[in-house]
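*Asks:* My structure is stored as start_26.cif, with mmCIF, C-alpha atoms.
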```cif
data_run
loop_
_atom_site.group_PDB
_atom_site.id
_atom_site.type_symbol
_atom_site.label_atom_id
_atom_site.label_comp_id
_atom_site.auth_asym_id
_atom_site.auth_seq_id
_atom_site.Cartn_x
_atom_site.Cartn_y
_atom_site.Cartn_z
ATOM 1 C CA MET A 275 -13.404 -4.183 61.113
ATOM 2 C CA ARG A 276 -15.662 -7.245 61.065
ATOM 3 C CA GLU A 277 -18.691 -5.127 60.095
ATOM 4 C CA LYS A 278 -16.745 -3.529 57.236
ATOM 5 C CA LEU A 279 -15.667 -6.977 56.012
ATOM 6 C CA THR A 280 -19.293 -8.203 56.130
ATOM 7 C CA ILE A 281 -20.498 -5.189 54.140
ATOM 8 C CA ALA A 282 -17.628 -5.549 51.628
ATOM 9 C CA LEU A 283 -18.373 -9.260 51.078
ATOM 10 C CA ALA A 284 -22.122 -8.678 50.694
ATOM 11 C CA ALA A 285 -21.544 -5.745 48.303
ATOM 12 C CA ALA A 286 -19.042 -7.716 46.185
ATOM 13 C CA GLY A 287 -21.444 -10.699 46.095
ATOM 14 C CA GLY A 288 -24.377 -8.429 45.195
ATOM 15 C CA LEU A 289 -22.519 -6.698 42.357
ATOM 16 C CA LEU A 290 -21.309 -10.002 40.945
ATOM 17 C CA LEU A 291 -24.855 -11.335 41.183
ATOM 18 C CA VAL A 292 -26.213 -8.371 39.164
ATOM 19 C CA TYR A 293 -23.599 -9.067 36.465
ATOM 20 C CA ASP A 294 -24.493 -12.781 36.483
ATOM 21 C CA LEU A 295 -28.238 -12.075 36.234
ATOM 22 C CA TYR A 296 -27.570 -9.796 33.262
ATOM 23 C CA GLN A 297 -25.598 -12.590 31.588
ATOM 24 C CA ILE A 298 -28.146 -15.306 32.487
ATOM 25 C CA PHE A 299 -31.230 -13.433 31.247
ATOM 26 C CA LEU A 300 -29.951 -11.122 28.514
ATOM 27 C CA VAL A 301 -26.774 -12.604 27.038
ATOM 28 C CA LEU A 302 -26.919 -16.409 27.206
ATOM 29 C CA PRO A 303 -29.279 -18.106 24.725
ATOM 30 C CA ASP A 304 -31.940 -20.691 25.663
ATOM 31 C CA GLU A 305 -30.645 -24.237 26.000
ATOM 32 C CA ALA A 306 -31.432 -26.262 22.843
ATOM 33 C CA MET A 307 -33.284 -29.140 24.596
ATOM 34 C CA GLN A 308 -34.632 -27.502 27.769
ATOM 35 C CA GLY A 309 -35.556 -23.967 26.673
ATOM 36 C CA PRO A 310 -35.441 -21.099 29.209
ATOM 37 C CA ILE A 311 -36.070 -23.302 32.284
ATOM 38 C CA TYR A 312 -32.384 -24.349 32.304
ATOM 39 C CA ARG A 313 -31.582 -20.888 33.755
ATOM 40 C CA ILE A 314 -32.773 -22.170 37.156
ATOM 41 C CA LEU A 315 -29.673 -24.390 37.137
ATOM 42 C CA PHE A 316 -27.452 -21.306 37.449
ATOM 43 C CA PHE A 317 -28.771 -21.065 41.018
ATOM 44 C CA HIS A 318 -29.625 -24.715 41.666
ATOM 45 C CA VAL A 319 -26.063 -26.019 41.157
ATOM 46 C CA PRO A 320 -24.056 -23.178 42.841
ATOM 47 C CA ALA A 321 -26.460 -23.264 45.830
ATOM 48 C CA ALA A 322 -25.818 -27.013 46.160
ATOM 49 C CA ILE A 323 -22.035 -26.531 45.996
ATOM 50 C CA VAL A 324 -22.105 -23.665 48.532
ATOM 51 C CA GLY A 325 -24.236 -25.802 50.874
ATOM 52 C CA MET A 326 -21.925 -28.782 50.540
ATOM 53 C CA VAL A 327 -18.725 -26.719 50.963
ATOM 54 C CA GLY A 328 -20.316 -25.218 54.082
ATOM 55 C CA TYR A 329 -21.033 -28.645 55.608
ATOM 56 C CA PHE A 330 -17.415 -29.720 55.052
ATOM 57 C CA VAL A 331 -16.154 -26.455 56.584
ATOM 58 C CA ALA A 332 -18.455 -27.167 59.566
ATOM 59 C CA LEU A 333 -16.926 -30.673 59.762
ATOM 60 C CA VAL A 334 -13.416 -29.175 60.097
ATOM 61 C CA LEU A 335 -14.692 -26.683 62.716
ATOM 62 C CA SER A 336 -16.439 -29.485 64.644
ATOM 63 C CA VAL A 337 -13.234 -31.551 64.721
ATOM 64 C CA LEU A 338 -11.369 -28.430 65.906
ATOM 65 C CA TYR A 339 -13.945 -28.038 68.691
ATOM 66 C CA LEU A 340 -13.643 -31.692 69.743
ATOM 67 C CA SER A 341 -9.844 -31.448 69.903
ATOM 68 C CA SER A 342 -9.591 -28.025 71.585
ATOM 69 C CA LYS A 343 -12.921 -27.714 73.504
ATOM 70 C CA ASP A 344 -12.926 -24.045 72.505
ATOM 71 C CA LEU A 345 -16.578 -22.941 72.156
ATOM 72 C CA LYS A 346 -15.677 -20.435 69.458
ATOM 73 C CA TRP A 347 -15.245 -23.333 66.956
ATOM 74 C CA ASP A 348 -18.603 -24.776 67.980
ATOM 75 C CA SER A 349 -20.351 -21.408 67.441
ATOM 76 C CA LEU A 350 -18.672 -20.979 64.074
ATOM 77 C CA ALA A 351 -19.674 -24.522 63.004
ATOM 78 C CA ALA A 352 -23.312 -23.861 63.995
ATOM 79 C CA SER A 353 -23.344 -20.585 62.016
ATOM 80 C CA VAL A 354 -21.898 -22.275 58.926
ATOM 81 C CA VAL A 355 -24.391 -25.185 59.141
ATOM 82 C CA GLU A 356 -27.366 -22.812 59.447
ATOM 83 C CA VAL A 357 -26.359 -20.769 56.369
ATOM 84 C CA SER A 358 -25.502 -23.928 54.396
ATOM 85 C CA LEU A 359 -28.932 -25.332 55.196
ATOM 86 C CA VAL A 360 -30.568 -22.256 53.635
ATOM 87 C CA PHE A 361 -28.666 -22.845 50.388
ATOM 88 C CA SER A 362 -29.426 -26.578 50.456
ATOM 89 C CA LEU A 363 -33.120 -25.664 50.662
ATOM 90 C CA VAL A 364 -32.709 -23.278 47.688
ATOM 91 C CA ASN A 365 -31.066 -26.171 45.835
ATOM 92 C CA ILE A 366 -33.768 -28.737 46.524
ATOM 93 C CA VAL A 367 -36.751 -26.397 45.911
ATOM 94 C CA SER A 368 -35.341 -24.930 42.671
ATOM 95 C CA GLY A 369 -34.408 -28.453 41.504
ATOM 96 C CA SER A 370 -37.929 -29.663 42.156
ATOM 97 C CA ILE A 371 -39.408 -26.828 40.046
ATOM 98 C CA TRP A 372 -36.947 -27.603 37.228
ATOM 99 C CA ALA A 373 -37.859 -31.307 37.446
ATOM 100 C CA ARG A 374 -41.585 -30.538 37.110
ATOM 101 C CA VAL A 375 -40.964 -29.168 33.603
ATOM 102 C CA ILE A 376 -38.147 -31.456 32.420
ATOM 103 C CA TRP A 377 -39.136 -34.789 34.033
ATOM 104 C CA GLY A 378 -42.862 -34.070 34.432
ATOM 105 C CA ILE A 379 -42.672 -34.776 38.193
ATOM 106 C CA TRP A 380 -41.908 -32.690 41.283
ATOM 107 C CA TRP A 381 -39.971 -35.414 43.074
ATOM 108 C CA THR A 382 -38.599 -38.912 42.707
ATOM 109 C CA TRP A 383 -36.766 -41.167 45.171
ATOM 110 C CA ASP A 384 -33.605 -40.985 43.099
ATOM 111 C CA ALA A 385 -30.202 -41.552 44.787
ATOM 112 C CA ARG A 386 -29.085 -37.895 44.546
ATOM 113 C CA LEU A 387 -32.437 -36.394 45.588
ATOM 114 C CA THR A 388 -32.960 -38.818 48.475
ATOM 115 C CA SER A 389 -29.438 -38.407 49.888
ATOM 116 C CA ALA A 390 -29.741 -34.595 49.584
ATOM 117 C CA LEU A 391 -33.068 -34.690 51.475
ATOM 118 C CA VAL A 392 -31.532 -36.931 54.166
ATOM 119 C CA GLY A 393 -28.685 -34.387 54.466
ATOM 120 C CA ILE A 394 -31.152 -31.532 54.966
ATOM 121 C CA LEU A 395 -33.010 -33.540 57.640
ATOM 122 C CA ILE A 396 -29.741 -34.387 59.462
ATOM 123 C CA PHE A 397 -28.603 -30.758 59.576
ATOM 124 C CA LEU A 398 -32.109 -29.617 60.554
ATOM 125 C CA ALA A 399 -31.831 -32.104 63.437
ATOM 126 C CA TYR A 400 -28.405 -30.573 64.224
ATOM 127 C CA LEU A 401 -30.008 -27.136 64.718
ATOM 128 C CA MET A 402 -32.908 -28.596 66.737
ATOM 129 C CA LEU A 403 -30.457 -30.508 68.955
ATOM 130 C CA ARG A 404 -28.588 -27.274 69.697
ATOM 131 C CA ARG A 405 -31.827 -25.624 70.821
ATOM 132 C CA ALA A 406 -32.697 -28.563 73.064
ATOM 133 C CA ILE A 407 -29.424 -28.658 75.062
ATOM 134 C CA ASP A 408 -28.572 -25.775 77.412
ATOM 135 C CA GLU A 409 -25.203 -26.951 78.693
ATOM 136 C CA PRO A 410 -22.639 -25.494 76.181
ATOM 137 C CA THR A 411 -19.969 -28.253 76.301
ATOM 138 C CA GLN A 412 -22.494 -31.085 75.984
ATOM 139 C CA ARG A 413 -24.250 -29.181 73.171
ATOM 140 C CA GLY A 414 -20.919 -28.685 71.386
ATOM 141 C CA ARG A 415 -19.864 -32.339 71.722
ATOM 142 C CA LEU A 416 -23.159 -33.831 70.535
ATOM 143 C CA SER A 417 -23.651 -31.389 67.679
ATOM 144 C CA ALA A 418 -20.052 -31.956 66.490
ATOM 145 C CA ALA A 419 -20.757 -35.708 66.413
ATOM 146 C CA LEU A 420 -23.968 -35.133 64.430
ATOM 147 C CA CYS A 421 -22.123 -32.827 62.016
ATOM 148 C CA ILE A 422 -19.541 -35.561 61.318
ATOM 149 C CA PHE A 423 -22.391 -38.043 60.734
ATOM 150 C CA GLY A 424 -24.130 -35.571 58.395
ATOM 151 C CA CYS A 425 -20.945 -35.101 56.365
ATOM 152 C CA VAL A 426 -20.824 -38.851 55.646
ATOM 153 C CA ASP A 427 -24.200 -38.359 53.935
ATOM 154 C CA GLU A 428 -22.815 -35.309 52.083
ATOM 155 C CA VAL A 429 -20.078 -37.512 50.568
ATOM 156 C CA ILE A 430 -22.866 -39.822 49.315
ATOM 157 C CA VAL A 431 -24.740 -36.768 47.911
ATOM 158 C CA TRP A 432 -21.576 -35.652 46.119
ATOM 159 C CA LYS A 433 -20.669 -39.034 44.626
ATOM 160 C CA SER A 434 -24.210 -40.378 44.083
ATOM 161 C CA ILE A 435 -24.411 -39.126 40.476
ATOM 162 C CA GLU A 436 -21.285 -41.178 39.679
ATOM 163 C CA TRP A 437 -22.135 -44.266 41.759
ATOM 164 C CA PHE A 438 -25.798 -44.637 40.714
ATOM 165 C CA ARG A 439 -27.252 -43.920 37.287
ATOM 166 C CA THR A 440 -30.770 -42.982 38.314
ATOM 167 C CA GLN A 441 -33.025 -40.038 37.388
ATOM 168 C CA HIS A 442 -30.734 -37.114 38.262
ATOM 169 C CA PRO A 443 -28.352 -36.046 35.440
ATOM 170 C CA GLY A 444 -24.693 -37.087 35.764
ATOM 171 C CA PRO A 445 -21.797 -34.632 36.267
ATOM 172 C CA VAL A 446 -21.526 -31.892 33.614
ATOM 173 C CA LEU A 447 -19.026 -29.355 35.001
ATOM 174 C CA SER A 448 -15.565 -29.713 33.422
ATOM 175 C CA ILE A 449 -13.849 -29.884 36.857
ATOM 176 C CA ARG A 450 -15.496 -33.311 37.227
ATOM 177 C CA THR A 451 -15.745 -34.526 33.643
ATOM 178 C CA GLY A 452 -12.692 -32.992 31.995
ATOM 179 C CA GLY A 453 -14.881 -30.892 29.706
ATOM 180 C CA GLY A 454 -17.085 -31.345 26.658
ATOM 181 C CA HIS A 455 -20.451 -31.465 28.456
ATOM 182 C CA MET A 456 -21.291 -27.773 28.655
ATOM 183 C CA ASP A 457 -20.692 -24.630 26.611
ATOM 184 C CA PRO A 458 -17.704 -22.736 28.146
ATOM 185 C CA ALA A 459 -19.684 -19.433 28.151
ATOM 186 C CA MET A 460 -22.426 -21.085 30.257
ATOM 187 C CA GLU A 461 -19.928 -22.812 32.539
ATOM 188 C CA ARG A 462 -18.159 -19.480 33.197
ATOM 189 C CA ILE A 463 -21.413 -18.030 34.572
ATOM 190 C CA PHE A 464 -21.905 -21.162 36.716
ATOM 191 C CA TYR A 465 -18.558 -20.497 38.423
ATOM 192 C CA LEU A 466 -19.157 -16.743 38.709
ATOM 193 C CA ASN A 467 -22.567 -17.354 40.278
ATOM 194 C CA PHE A 468 -20.990 -19.867 42.663
ATOM 195 C CA LEU A 469 -18.530 -17.140 43.691
ATOM 196 C CA ALA A 470 -21.349 -14.574 44.143
ATOM 197 C CA ILE A 471 -23.406 -16.962 46.312
ATOM 198 C CA LEU A 472 -20.289 -17.949 48.270
ATOM 199 C CA LEU A 473 -19.533 -14.275 49.052
ATOM 200 C CA ILE A 474 -23.118 -13.668 50.202
ATOM 201 C CA ALA A 475 -23.094 -16.875 52.281
ATOM 202 C CA THR A 476 -19.800 -15.834 53.934
ATOM 203 C CA ALA A 477 -21.312 -12.438 54.835
ATOM 204 C CA LEU A 478 -24.332 -14.235 56.360
ATOM 205 C CA VAL A 479 -22.003 -16.549 58.347
ATOM 206 C CA LEU A 480 -20.148 -13.510 59.745
ATOM 207 C CA ILE A 481 -23.457 -11.932 60.857
ATOM 208 C CA ARG A 482 -24.618 -15.233 62.391
ATOM 209 C CA THR A 483 -21.270 -15.747 64.179
ATOM 210 C CA ARG A 484 -21.558 -12.313 65.807
ATOM 211 C CA GLN A 485 -25.035 -13.278 67.029
ATOM 212 C CA GLU A 486 -23.608 -16.497 68.508
ATOM 213 C CA ALA A 487 -20.973 -14.411 70.345
ATOM 214 C CA THR A 488 -23.755 -12.175 71.721
ATOM 215 C CA THR A 489 -25.671 -15.283 72.882
ATOM 216 C CA ARG A 490 -22.546 -16.502 74.736
ATOM 217 C CA GLU A 491 -22.175 -13.052 76.357
ATOM 218 C CA ILE A 492 -25.835 -13.128 77.464
ATOM 219 C CA ASP A 493 -25.354 -16.638 78.926
ATOM 220 C CA SER A 494 -22.291 -15.622 80.930
ATOM 221 C CA LEU A 495 -24.007 -12.447 82.217
ATOM 222 C CA ARG A 496 -27.039 -14.533 83.248
ATOM 223 C CA ARG A 497 -24.775 -16.913 85.197
ATOM 224 C CA LEU A 498 -23.169 -13.871 86.861
ATOM 225 C CA ALA A 499 -26.613 -12.487 87.759
ATOM 226 C CA HIS A 500 -27.627 -15.860 89.272
ATOM 227 C CA ALA A 501 -24.421 -16.036 91.307
ATOM 228 C CA MET A 502 -25.147 -12.657 92.941
ATOM 229 C CA MET B 601 -44.702 -25.604 26.469
ATOM 230 C CA ASP B 602 -42.685 -22.367 26.165
ATOM 231 C CA ALA B 603 -45.122 -20.284 28.236
ATOM 232 C CA ARG B 604 -45.122 -22.956 30.964
ATOM 233 C CA ASN B 605 -41.329 -23.122 30.716
ATOM 234 C CA PHE B 606 -41.113 -19.357 31.387
ATOM 235 C CA THR B 607 -43.650 -19.524 34.218
ATOM 236 C CA PHE B 608 -41.746 -22.297 35.988
ATOM 237 C CA MET B 609 -38.462 -20.458 35.474
ATOM 238 C CA PHE B 610 -40.054 -17.494 37.281
ATOM 239 C CA TYR B 611 -41.295 -19.812 40.068
ATOM 240 C CA GLY B 612 -37.797 -21.266 40.441
ATOM 241 C CA PHE B 613 -36.100 -17.893 40.804
ATOM 242 C CA ALA B 614 -38.886 -16.534 43.033
ATOM 243 C CA ALA B 615 -38.677 -19.556 45.363
ATOM 244 C CA ALA B 616 -34.872 -19.344 45.583
ATOM 245 C CA TRP B 617 -34.895 -15.636 46.478
ATOM 246 C CA LEU B 618 -37.864 -15.998 48.814
ATOM 247 C CA ILE B 619 -36.004 -18.619 50.899
ATOM 248 C CA VAL B 620 -32.915 -16.382 51.135
ATOM 249 C CA ALA B 621 -35.059 -13.287 51.907
ATOM 250 C CA ILE B 622 -36.972 -15.095 54.697
ATOM 251 C CA TYR B 623 -33.653 -16.186 56.236
ATOM 252 C CA VAL B 624 -32.168 -12.656 56.051
ATOM 253 C CA ILE B 625 -35.314 -11.192 57.691
ATOM 254 C CA SER B 626 -35.235 -13.841 60.444
ATOM 255 C CA LEU B 627 -31.512 -13.099 60.977
ATOM 256 C CA ALA B 628 -32.226 -9.367 61.335
ATOM 257 C CA ARG B 629 -35.098 -9.997 63.781
ATOM 258 C CA ARG B 630 -32.964 -12.375 65.844
ATOM 259 C CA GLY B 631 -30.173 -9.764 65.917
ATOM 260 C CA ALA B 632 -32.569 -7.102 67.243
ATOM 261 C CA ARG B 633 -33.955 -9.534 69.872
ATOM 262 C CA LEU B 634 -30.454 -10.469 71.066
ATOM 263 C CA LYS B 635 -29.511 -6.772 71.354
ATOM 264 C CA ARG B 636 -32.582 -6.133 73.549
ATOM 265 C CA GLU B 637 -31.868 -9.236 75.642
ATOM 266 C CA LEU B 638 -28.228 -8.191 76.171
ATOM 267 C CA GLU B 639 -29.330 -4.738 77.372
ATOM 268 C CA ASN B 640 -31.838 -6.311 79.794
ATOM 269 C CA VAL B 641 -29.273 -8.734 81.245
ATOM 270 C CA LYS B 642 -26.696 -5.941 81.590
ATOM 271 C CA GLN B 643 -29.266 -3.874 83.537
ATOM 272 C CA LEU B 644 -30.039 -6.922 85.692
ATOM 273 C CA VAL B 645 -26.350 -7.417 86.530
ATOM 274 C CA GLN B 646 -25.949 -3.695 87.228
ATOM 275 C CA ALA B 647 -28.988 -3.780 89.558
ATOM 276 C CA GLY B 648 -27.503 -6.838 91.299
ATOM 277 C CA HIS B 649 -24.213 -4.999 91.843
ATOM 278 C CA THR B 650 -25.976 -1.964 93.301
ATOM 279 C CA ALA B 651 -28.117 -4.120 95.634
ATOM 280 C CA ARG B 652 -25.019 -6.007 96.792
ATOM 281 C CA GLU B 653 -23.107 -2.782 97.510
ATOM 282 C CA GLU B 654 -26.088 -1.414 99.457
ATOM 283 C CA ASP B 655 -26.288 -4.665 101.428
ATOM 284 C CA ILE B 656 -22.563 -4.528 102.323
ATOM 285 C CA GLU B 657 -22.925 -0.856 103.322
ATOM 286 C CA HIS B 658 -25.933 -1.743 105.494
ATOM 287 C CA ARG B 659 -24.039 -4.567 107.226
ATOM 288 C CA VAL B 660 -21.006 -2.339 107.896
ATOM 289 C CA ARG B 661 -23.297 0.152 109.631
#
```
Represent the structure from my file as structure tokens, please.
*Replies:*
Amino acid sequence: MREKLTIALAAAGGLLLVYDLYQIFLVLPDEAMQGPIYRILFFHVPAAIVGMVGYFVALVLSVLYLSSKDLKWDSLAASVVEVSLVFSLVNIVSGSIWARVIWGIWWTWDARLTSALVGILIFLAYLMLRRAIDEPTQRGRLSAALCIFGCVDEVIVWKSIEWFRTQHPGPVLSIRTGGGHMDPAMERIFYLNFLAILLIATALVLIRTRQEATTREIDSLRRLAHAM
Amino acid sequence: MDARNFTFMFYGFAAAWLIVAIYVISLARRGARLKRELENVKQLVQAGHTAREEDIEHRVR
């Protein structure tokens, strides 16, 4: 059942992605000021949103682990963080390439960019911490605490383009501005691409969660073998 | 400007997909490694069971 769901999610995400790519490259015109490079933003922004949504989902799962001590929540949180980190990396690398053309620089210590980089480093530390601790309950408790800490930074990432007017552009999507900043045809593809990436990310989380369950099974069998 | 714009657009898409592709490959490799490890541990436990049964049998005799 779980395998079928994973395949269905990945297939739906893949098909939607093909439709989006067709729209991005063959239907939508170049942006008047930026030219064709703006097309990177159709992946840059949805990847950022998927990453951020993932971190907040991991926050809920971490709190569930801390309140119930059920390791299944901890495993699920770790899977979600790992996949979210991949999409945060896509966001920061694609943004840097866009910036090279539009701003003339690869990187600047702007509020949004810096807080996003700090977020990536915190969640990278989260995964490293999990590798360093063998005892499952201690690993779960400490990584849940780090996840909560990381999500404080994610709130700063989210709000930084409203709080600080630095290099990064301000909000443009109508859900944040009320509209008027982007052509509706372009914004529609933004949301559809967000959905496609979200479906693919969910499929990856399901695969990763099954691997975490296998790791737990291996650990318990090892303990059984030692006890013999 | 336009040629460079196109080139960097290609770099952007290539980098994004490369990151996702590397992760998917690493996920598949990790899955295969875990499967092998699970089989090994299962065999180890099975061997432990057999040795224990033989030991009990030996003691009874």
*Asks:* How many Å separate atom CA of A:Trp380 from atom CA of A:Trp437?
*Replies:* 22.9 Å
*Asks:* Under the rule that only C-alpha atoms are counted, which of A:Ile407, A:Leu340, A:Val375, A:Leu447 is the nearest residue to chain B?
*Replies:*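 Looking only at the distances to chain B, the closest residue turns out to be A:Val375.
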*Asks:* Could you check how far atom CA of A:Met502 sits from atom CA of B:Asp655, in Å to one decimal?
*Replies:*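 Between these atoms lies a distance of 11.7 Å.
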*Asks:* Can you check which parts of chain B lie within 7 Å of chain A? Per residue, the shortest pair of atoms and distance in Å to one decimal, counting only C-alpha atoms, sorted by chain and number, as a Markdown table.
*Replies:*
```
| residue | atom | partner | partner_atom | distance |
| --- | --- | --- | --- | --- |
| B:Asn605 | CA | A:Ile311 | CA | 5.5 |
| B:Phe606 | CA | A:Pro310 | CA | 6.3 |
| B:Phe608 | CA | A:Ile371 | CA | 6.5 |
| B:Met609 | CA | A:Ile311 | CA | 4.9 |
| B:Gly612 | CA | A:Ser368 | CA | 4.9 |
| B:Phe613 | CA | A:Ile314 | CA | 6.5 |
| B:Ala615 | CA | A:Ser368 | CA | 6.9 |
| B:Ala616 | CA | A:Val364 | CA | 5.0 |
| B:Ile619 | CA | A:Val364 | CA | 6.5 |
| B:Val620 | CA | A:Val360 | CA | 6.8 |
| B:Gly631 | CA | A:Gln485 | CA | 6.3 |
| B:Leu634 | CA | A:Thr488 | CA | 6.9 |
| B:Leu638 | CA | A:Ile492 | CA | 5.6 |
| B:Val641 | CA | A:Leu495 | CA | 6.5 |
| B:Leu644 | CA | A:Ala499 | CA | 6.9 |
| B:Val645 | CA | A:Ala499 | CA | 5.2 |
| B:Gly648 | CA | A:Met502 | CA | 6.5 |
```
*Asks:* Of the candidates A:Trp383, A:Ala487, A:Asp457, A:Val479, which one gets nearest to A:Glu305 if we count all atoms listed in the file?
*Replies:* A:Asp457
*Asks:* Let me know the residues the PyMOL selection byres ((chain A and resi 420) around 12) catches in the file above, as number ranges by chain.
*Replies:* A: 329, 332-333, 336-337, 351-352, 355, 393, 395-404, 413-419, 421-427
*Asks:* Evaluating the PyMOL selection byres ((chain A and resi 297) around 12) on the displayed file yields which residues, as number ranges by chain?
*Replies:* A: 290-296, 298-304, 313, 316, 459-464, 466-467
*Asks:* In Å, how far is it from atom CA of A:Trp377 to atom CA of A:Pro445?
*Replies:* 17.5 Å
*Asks:* Near A:Trp347, counting all atoms listed in the file, which residues have an atom at most 7 Å away, once you skip same-chain residues fewer than 6 positions from it, shown as a VMD selection string?
*Replies:* chain A and resid 335 to 336 338 to 339
*Asks:* For stretch 404-423 of chain A, take all atoms listed in the file, fit an axis-aligned box around them, add 5 Å to each of the six sides, then output centre and edge lengths in Å rounded to one decimal, as AutoDock Vina command-line options.
*Replies:*
```
--center_x -26.1 --center_y -31.8 --center_z 69.7 --size_x 23.2 --size_y 22.5 --size_z 28.0
```
*Asks:* Given all atoms listed in the file as the basis, pick out the residue of A:Ala285, A:Arg490, A:Gly325, A:Thr280 nearest to A:Asp348.
*Replies:*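 For A:Asp348, the nearest of the candidates is A:Arg490.
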*Asks:* Give me, as a PDB file with C-alpha atoms, in the frame of the given file, all polymer residues having an atom no more than 10 Å from A:Ser448, counting all atoms listed in the file and skipping those fewer than 4 positions away in the same chain.
*Replies:*
```
ATOM      1  CA  GLY A 452     -12.692 -32.992  31.995  1.00  0.00           C
ATOM      2  CA  GLY A 453     -14.881 -30.892  29.706  1.00  0.00           C
ATOM      3  CA  GLY A 454     -17.085 -31.345  26.658  1.00  0.00           C
ATOM      4  CA  HIS A 455     -20.451 -31.465  28.456  1.00  0.00           C
ATOM      5  CA  MET A 456     -21.291 -27.773  28.655  1.00  0.00           C
ATOM      6  CA  ASP A 457     -20.692 -24.630  26.611  1.00  0.00           C
ATOM      7  CA  PRO A 458     -17.704 -22.736  28.146  1.00  0.00           C
ATOM      8  CA  GLU A 461     -19.928 -22.812  32.539  1.00  0.00           C
TER       9      GLU A 461
END
```
*Asks:* Closest to B:Asp602 among A:Ile449, A:Val324, A:Met307, A:Ile379, using all atoms listed in the file?
*Replies:*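 Closest to B:Asp602 of all the choices is A:Met307.
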*Asks:* Check the smallest atom-to-atom distance from each of A:Gly378, A:Pro320, A:Pro443, A:Pro410 to B:Arg604 using all atoms listed in the file, then report the winner.
*Replies:*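 So, comparing all the options, the nearest one is A:Gly378.
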*Asks:* Using all atoms listed in the file, which residue out of A:Ile394, A:Val446, A:Ala385, A:Leu359 lies closest to B:Tyr623?
*Replies:*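 Using all atoms listed in the file, the shortest distance to B:Tyr623 belongs to A:Leu359.
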*Asks:* Please return stretch 653-657 of chain B, rebuilt to all heavy atoms, as a PDB file, in the frame of the given file.
*Replies:*
```
ATOM      1  N   GLU B 653     -23.867  -3.859  96.867  1.00  0.00           N
ATOM      2  CA  GLU B 653     -23.107  -2.782  97.510  1.00  0.00           C
ATOM      3  C   GLU B 653     -23.904  -2.167  98.660  1.00  0.00           C
ATOM      4  O   GLU B 653     -23.359  -1.890  99.730  1.00  0.00           O
ATOM      5  CB  GLU B 653     -22.770  -1.710  96.469  1.00  0.00           C
ATOM      6  CG  GLU B 653     -21.494  -2.037  95.696  1.00  0.00           C
ATOM      7  CD  GLU B 653     -21.344  -1.193  94.439  1.00  0.00           C
ATOM      8  OE1 GLU B 653     -22.017  -0.144  94.338  1.00  0.00           O
ATOM      9  OE2 GLU B 653     -20.559  -1.603  93.563  1.00  0.00           O
ATOM     10  N   GLU B 654     -25.224  -1.989  98.411  1.00  0.00           N
ATOM     11  CA  GLU B 654     -26.088  -1.414  99.457  1.00  0.00           C
ATOM     12  C   GLU B 654     -26.164  -2.345 100.664  1.00  0.00           C
ATOM     13  O   GLU B 654     -26.143  -1.901 101.809  1.00  0.00           O
ATOM     14  CB  GLU B 654     -27.489  -1.169  98.902  1.00  0.00           C
ATOM     15  CG  GLU B 654     -27.580   0.129  98.113  1.00  0.00           C
ATOM     16  CD  GLU B 654     -28.918   0.274  97.422  1.00  0.00           C
ATOM     17  OE1 GLU B 654     -29.787  -0.614  97.594  1.00  0.00           O
ATOM     18  OE2 GLU B 654     -29.096   1.272  96.703  1.00  0.00           O
ATOM     19  N   ASP B 655     -26.224  -3.661 100.366  1.00  0.00           N
ATOM     20  CA  ASP B 655     -26.288  -4.665 101.428  1.00  0.00           C
ATOM     21  C   ASP B 655     -25.015  -4.643 102.286  1.00  0.00           C
ATOM     22  O   ASP B 655     -25.079  -4.663 103.520  1.00  0.00           O
ATOM     23  CB  ASP B 655     -26.483  -6.051 100.781  1.00  0.00           C
ATOM     24  CG  ASP B 655     -26.698  -7.131 101.818  1.00  0.00           C
ATOM     25  OD1 ASP B 655     -27.465  -6.866 102.769  1.00  0.00           O
ATOM     26  OD2 ASP B 655     -26.100  -8.216 101.693  1.00  0.00           O
ATOM     27  N   ILE B 656     -23.847  -4.565 101.603  1.00  0.00           N
ATOM     28  CA  ILE B 656     -22.563  -4.528 102.323  1.00  0.00           C
ATOM     29  C   ILE B 656     -22.497  -3.270 103.190  1.00  0.00           C
ATOM     30  O   ILE B 656     -22.117  -3.312 104.362  1.00  0.00           O
ATOM     31  CB  ILE B 656     -21.375  -4.588 101.321  1.00  0.00           C
ATOM     32  CG1 ILE B 656     -21.330  -5.971 100.656  1.00  0.00           C
ATOM     33  CG2 ILE B 656     -20.050  -4.283 102.005  1.00  0.00           C
ATOM     34  CD1 ILE B 656     -20.409  -6.064  99.464  1.00  0.00           C
ATOM     35  N   GLU B 657     -22.919  -2.141 102.611  1.00  0.00           N
ATOM     36  CA  GLU B 657     -22.925  -0.856 103.322  1.00  0.00           C
ATOM     37  C   GLU B 657     -23.795  -0.943 104.571  1.00  0.00           C
ATOM     38  O   GLU B 657     -23.429  -0.480 105.651  1.00  0.00           O
ATOM     39  CB  GLU B 657     -23.466   0.216 102.378  1.00  0.00           C
ATOM     40  CG  GLU B 657     -22.834   1.586 102.585  1.00  0.00           C
ATOM     41  CD  GLU B 657     -23.236   2.511 101.461  1.00  0.00           C
ATOM     42  OE1 GLU B 657     -22.707   2.343 100.334  1.00  0.00           O
ATOM     43  OE2 GLU B 657     -24.112   3.345 101.710  1.00  0.00           O
TER      44      GLU B 657
END
```
